[in-house]
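Reading through the structure tokens given below for one structure.
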Amino acid sequence: MEATHALWLLAVPISALMVAALARRIGLSAPLILVIAGLLVSFVPGVPEFRLDPEFVLFFFLPPLLFSAAWESSYLSLRENARSIGLLSVGLVLFTTIVVGYVAHLMIPGLPLAAGFVLGAIVAPPDAVAAVSVARRLGLPRRMVTILVGESLFNDATALTAFRVAVMAAAGAGFTLLDGTERFLFAAAAGTVVGLLLGPPLHWLRTRLRDPLVENAVTLMAPFAAYLIAEAVHASGVIAVVVSGLYLGHRFTQSSAVTRLIGHSFWKVLIFILESVVFLLIGLQLPPVIDGLSGYGAGELTLWATVIFVVVVLARFAWVFPTSYLTLVSRPGRRREDGVDWRARVAVSWAGMRGVVSLAAAFAIPFATETNAPFPGRDLILFLTFTTVLATLLVQGLTFPMLIRALGIGSARERYTDTVAEAGAQHAAANAALRRLEELVAQEPEPPDETVVERLRQLAEHRQLKAWERLGGGTGPAGEEVPTSTYRRLRREMLAAEREVFVRMRDERRIDDEVLERVLHELDLEEAALSRE
């Protein structure tokens, strides 16, 4: 039996990776396909129930996902859009909690208002993984993507704090609105302090280790340490993770090049695995959710699920449009610059897919109250949470790319501006490198070999020209291949020829595998640089 369970546990990540790989190959959203696959597999006879352990999910999955997103986010861009992000990550979450709570209380017979608020807090925070991946792939304006990312970084903290307060009220702990407000403010402030206190020593340690593997190992431990320390002092572990990730990510330039290369690849693989597994697990949760619904009719369950889904969607529209308008009115000079019009507001309003945090919170609802009575509506809240998550992922997730195309939202001008700015920066950097080269040549006791100096000059000039040439799409006025494109194409062929020689010499036992690994790594780094260019 234990071996069978072990095989099933192994089958989950393997299946998740296979489905995610297929979705990426055919160009579909991996989170959506994974949820559908998990949902279909859950009905197959013989498949065991996979129950989400909320504490395991909140500790094992959430910290690295949030930390990686914070690390890759721009602290400066988030700061510039702090008002919009705060209105979504705090204001919208609380607004959705209240609206859904009252609707559920009035619609479902016997459901206390506090239990309705529990449901509202659970379904309030969107999971922007699917929305942001689509937004970036389709080229949405950077400010919209920044706002969606910032919302997903901080809304979980608001929702989880509101959830805990609502659970205590529903369980008869005697919490008041003032108590809840104080608890929320303390958790947010203390979580921020923990993240800020943890960031500097970790950064100091990373910059002095001088070992890329150890540096990245320290970075891997950072989100778990921040979460545990914050939760131990009853602060928001989510905010602590996000703040520490922003602090360290803003200073990643002070690490070595090798550390950055290893870290970038490692985090990409880790997040791909975690996201694949967690979205497959969402789909596998249906059987345990249905088990506790024998006392309800199919018709009323369908009605309640539909109403809650519609309320969640409409609440986001009702909040985004007026608050975004007020934000623009307060800063009218940014309207034309950011291109935030009604189409962008529609896109942001529709990007409200829910995810694993909602399910983890739902499964964390206690089975009994303070008086040992069953928690009011626990099984029904689990069901409505699952249907809301599933409906947002399928309905909004599947239609989000079509909506963006229909609205005609794009960032072609933004990409052109970025390329012009990069070309100017490359030009200034190359000039600085050439001046430094001349200074070093003049300081040498003996004049260096002219071929070495000339090669360095050519390299600087090549980097100086590549961004300007990219403004033409990689071709010249008559469609001919520009010099940098020719250089990359020919150099890749040369690298392939070098690899063949090294591999053949290894096969003939003229060089050892260790030598092969070392030289191939050098060739791979150069090819990666060519691909980046």
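A note on labels: chains of the structure tokens are A, B, ... as shown, every chain counts residues from 1, and ligands are counted from 1 in their shown order.
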Could you give me, as a tab-separated table (two decimals) with C-alpha atoms, in the first residue's frame, the residues within 8 Å of range 322-324 of chain A, counting only C-alpha atoms and dropping anything in the same chain fewer than 5 positions from it?
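Result written to selection_12.tsv:
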```tsv
chain	number	residue	atom	x	y	z
A	84	SER	CA	-3.18	51.61	-8.02
A	87	LEU	CA	-6.40	49.99	-4.27
A	345	ARG	CA	-9.70	48.91	-17.39
```
If we count only C-alpha atoms and set the cut-off at 9 Å, which residues sit around Ala171 in chain A, ignoring sequence neighbours fewer than 5 positions away in its own chain? Please answer as an mmCIF file with all heavy atoms, in the first residue's frame.
```cif
data_model
loop_
_atom_site.group_PDB
_atom_site.id
_atom_site.type_symbol
_atom_site.label_atom_id
_atom_site.label_comp_id
_atom_site.auth_asym_id
_atom_site.auth_seq_id
_atom_site.Cartn_x
_atom_site.Cartn_y
_atom_site.Cartn_z
ATOM 1 N N ALA A 114 -21.019 36.020 9.346
ATOM 2 C CA ALA A 114 -19.575 35.806 9.540
ATOM 3 C C ALA A 114 -19.063 34.705 8.626
ATOM 4 O O ALA A 114 -17.960 34.815 8.057
ATOM 5 C CB ALA A 114 -19.284 35.465 10.998
ATOM 6 N N ALA A 115 -19.841 33.634 8.446
ATOM 7 C CA ALA A 115 -19.437 32.556 7.529
ATOM 8 C C ALA A 115 -19.434 33.063 6.092
ATOM 9 O O ALA A 115 -18.597 32.657 5.271
ATOM 10 C CB ALA A 115 -20.371 31.366 7.678
ATOM 11 N N ALA A 166 -12.331 36.619 9.975
ATOM 12 C CA ALA A 166 -13.692 36.134 9.737
ATOM 13 C C ALA A 166 -13.910 34.751 10.344
ATOM 14 O O ALA A 166 -14.986 34.464 10.886
ATOM 15 C CB ALA A 166 -13.964 36.103 8.231
ATOM 16 N N PRO A 366 -11.665 25.511 10.096
ATOM 17 C CA PRO A 366 -11.764 24.464 11.124
ATOM 18 C C PRO A 366 -13.073 23.682 10.992
ATOM 19 O O PRO A 366 -14.061 24.177 10.444
ATOM 20 C CB PRO A 366 -11.714 25.248 12.438
ATOM 21 C CG PRO A 366 -12.177 26.627 12.076
ATOM 22 C CD PRO A 366 -11.690 26.863 10.672
ATOM 23 N N ALA A 368 -14.828 22.650 13.576
ATOM 24 C CA ALA A 368 -15.742 22.969 14.671
ATOM 25 C C ALA A 368 -15.464 24.368 15.186
ATOM 26 O O ALA A 368 -14.383 24.933 14.982
ATOM 27 C CB ALA A 368 -15.606 21.952 15.803
ATOM 28 N N THR A 369 -16.466 24.934 15.873
ATOM 29 C CA THR A 369 -16.359 26.259 16.467
ATOM 30 C C THR A 369 -15.800 26.143 17.875
ATOM 31 O O THR A 369 -15.400 25.059 18.328
ATOM 32 C CB THR A 369 -17.733 26.933 16.506
ATOM 33 O OG1 THR A 369 -18.587 26.184 17.382
ATOM 34 C CG2 THR A 369 -18.357 26.974 15.118
ATOM 35 N N GLU A 370 -15.770 27.274 18.577
ATOM 36 C CA GLU A 370 -15.277 27.295 19.950
ATOM 37 C C GLU A 370 -16.123 26.411 20.876
ATOM 38 O O GLU A 370 -15.648 25.901 21.875
ATOM 39 C CB GLU A 370 -15.274 28.732 20.478
ATOM 40 C CG GLU A 370 -14.298 29.654 19.762
ATOM 41 C CD GLU A 370 -12.863 29.347 20.110
ATOM 42 O OE1 GLU A 370 -12.598 29.014 21.278
ATOM 43 O OE2 GLU A 370 -12.001 29.417 19.215
ATOM 44 N N THR A 371 -17.397 26.231 20.545
ATOM 45 C CA THR A 371 -18.305 25.414 21.381
ATOM 46 C C THR A 371 -18.393 23.981 20.873
ATOM 47 O O THR A 371 -19.326 23.253 21.244
ATOM 48 C CB THR A 371 -19.696 26.049 21.391
ATOM 49 O OG1 THR A 371 -20.197 26.109 20.046
ATOM 50 C CG2 THR A 371 -19.640 27.456 21.970
ATOM 51 N N ALA A 373 -19.329 22.958 18.114
ATOM 52 C CA ALA A 373 -20.373 22.784 17.103
ATOM 53 C C ALA A 373 -19.726 22.797 15.722
ATOM 54 O O ALA A 373 -18.670 23.400 15.529
ATOM 55 C CB ALA A 373 -21.395 23.916 17.217
ATOM 56 N N PHE A 375 -18.557 23.829 12.167
ATOM 57 C CA PHE A 375 -18.384 25.165 11.590
ATOM 58 C C PHE A 375 -19.499 25.401 10.581
ATOM 59 O O PHE A 375 -19.722 24.571 9.688
ATOM 60 C CB PHE A 375 -17.023 25.295 10.921
ATOM 61 C CG PHE A 375 -16.660 26.707 10.548
ATOM 62 C CD1 PHE A 375 -15.903 27.481 11.410
ATOM 63 C CD2 PHE A 375 -17.098 27.273 9.347
ATOM 64 C CE1 PHE A 375 -15.564 28.790 11.072
ATOM 65 C CE2 PHE A 375 -16.771 28.573 9.012
ATOM 66 C CZ PHE A 375 -16.008 29.332 9.877
ATOM 67 N N PRO A 376 -20.211 26.503 10.675
ATOM 68 C CA PRO A 376 -21.385 26.718 9.810
ATOM 69 C C PRO A 376 -21.042 26.785 8.330
ATOM 70 O O PRO A 376 -20.272 27.641 7.901
ATOM 71 C CB PRO A 376 -21.944 28.057 10.311
ATOM 72 C CG PRO A 376 -20.808 28.731 11.000
ATOM 73 C CD PRO A 376 -19.977 27.642 11.592
#
```
Using only C-alpha atoms, pick whichever of A:Arg435, A:Asp513, A:Ala428, A:Val307 has the shortest atom-to-atom distance to Ile108 in chain A.
->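 Checking each of A:Arg435, A:Asp513, A:Ala428, A:Val307 against Ile108 in chain A, counting only C-alpha atoms, the winner is A:Val307.
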For Ser265 in chain A, list every protein, DNA or RNA residue within 12 Å, evaluated using only C-alpha atoms, and leave out those in the same chain fewer than 6 positions away; present the list as a PyMOL selection string.
-> chain A and resi 68+216+258-259+271-272+528
Do a neighbour search on Leu34 in chain A at 7 Å with only C-alpha atoms, toss out local chain neighbours closer than 2 positions, and write the hits as a ChimeraX atom specification.
-> /A:16,19-20,30-32,36-38,276,279-280
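The residue that comes closest to Thr302 in chain A, out of A:Leu380, A:Gly86, A:Tyr325, A:Glu215 and on the basis of only C-alpha atoms, is A:Leu380.
Among the candidates A:Tyr227, A:Tyr102, A:Phe386, A:Tyr75, the residue lying nearest to Val357 in chain A is A:Phe386 (atoms considered: only C-alpha atoms).
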DSSP on the backbone: what in range 96-240 of chain A comes out alpha helix (DSSP H), as JSON, numbers by chain?
-> {"A": [96, 97, 98, 99, 100, 101, 102, 103, 104, 105, 106, 107, 113, 114, 115, 116, 117, 118, 119, 120, 121, 122, 123, 129, 130, 131, 132, 133, 134, 135, 136, 137, 142, 143, 144, 145, 146, 147, 148, 149, 150, 151, 152, 153, 154, 155, 156, 157, 158, 159, 160, 161, 162, 163, 164, 165, 166, 167, 168, 169, 170, 177, 178, 179, 180, 181, 182, 183, 184, 185, 186, 187, 188, 189, 190, 191, 192, 193, 194, 195, 196, 197, 198, 199, 200, 201, 202, 203, 204, 205, 206, 207, 208, 209, 212, 213, 214, 215, 216, 217, 218, 219, 220, 221, 222, 223, 224, 225, 226, 227, 228, 229, 230, 231, 232, 237, 238, 239, 240]}
At a cut-off of 6 Å, can you tabulate as CSV every residue of range 54-127 of chain A near range 245-252 of chain A together with its closest atom pair and the distance in Å to one decimal, using only C-alpha atoms and ordering rows by chain then number?
```
residue,atom,partner,partner_atom,distance
A:Phe67,CA,A:Gly245,CA,5.0
A:Ala70,CA,A:Gly245,CA,5.1
A:Trp71,CA,A:Gly249,CA,4.2
```
Those residues with C-alpha atoms, as a CSV table (one decimal), in the first residue's frame please?
```
chain,number,residue,atom,x,y,z
A,67,PHE,CA,9.5,35.4,-3.7
A,70,ALA,CA,8.9,39.8,-6.2
A,71,TRP,CA,12.5,39.2,-7.2
```
Nearest to His234 in chain A among A:Ala217, A:Leu7, A:Leu52, A:Ala190, with distances taken over only C-alpha atoms: which residue is it?
-> A:Ala190
Selection: 9 Å around Ala222 in chain A, only C-alpha atoms, excl. self and same-chain fewer than 6 positions, as a short mmCIF file (atom, residue, chain, number, x, y, z; two decimals) with N, CA, C and O atoms, in the first residue's frame:
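Resulting contents of out-v5.cif:
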```
data_model
loop_
_atom_site.label_atom_id
_atom_site.label_comp_id
_atom_site.auth_asym_id
_atom_site.auth_seq_id
_atom_site.Cartn_x
_atom_site.Cartn_y
_atom_site.Cartn_z
N PRO A 64 7.98 30.40 -2.22
CA PRO A 64 8.87 30.52 -3.39
C PRO A 64 8.19 31.16 -4.59
O PRO A 64 8.84 31.90 -5.35
N PHE A 67 8.13 34.90 -3.76
CA PHE A 67 9.50 35.43 -3.71
C PHE A 67 10.07 35.60 -5.11
O PHE A 67 10.68 36.62 -5.43
N LEU A 198 15.24 41.19 7.41
CA LEU A 198 15.89 39.98 6.89
C LEU A 198 16.66 40.26 5.61
O LEU A 198 17.67 39.60 5.34
N GLY A 199 16.22 41.23 4.80
CA GLY A 199 16.86 41.50 3.52
C GLY A 199 18.32 41.90 3.61
O GLY A 199 19.18 41.27 2.96
N LEU A 202 20.88 39.08 4.60
CA LEU A 202 20.98 38.08 3.54
C LEU A 202 21.76 38.63 2.35
O LEU A 202 22.57 37.92 1.75
N VAL A 241 7.74 37.81 2.88
CA VAL A 241 8.37 37.17 1.72
C VAL A 241 8.49 38.16 0.57
O VAL A 241 9.54 38.28 -0.07
N SER A 244 11.14 41.01 1.36
CA SER A 244 12.52 40.51 1.27
C SER A 244 12.89 40.20 -0.18
O SER A 244 14.03 40.45 -0.61
N GLY A 245 11.93 39.66 -0.96
CA GLY A 245 12.20 39.39 -2.37
C GLY A 245 12.45 40.65 -3.17
O GLY A 245 13.34 40.70 -4.02
#
```
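Nearest residue to Leu407 in chain A among A:Val348, A:Ala232, A:Val242, A:Leu301 is A:Val348, counting only C-alpha atoms.
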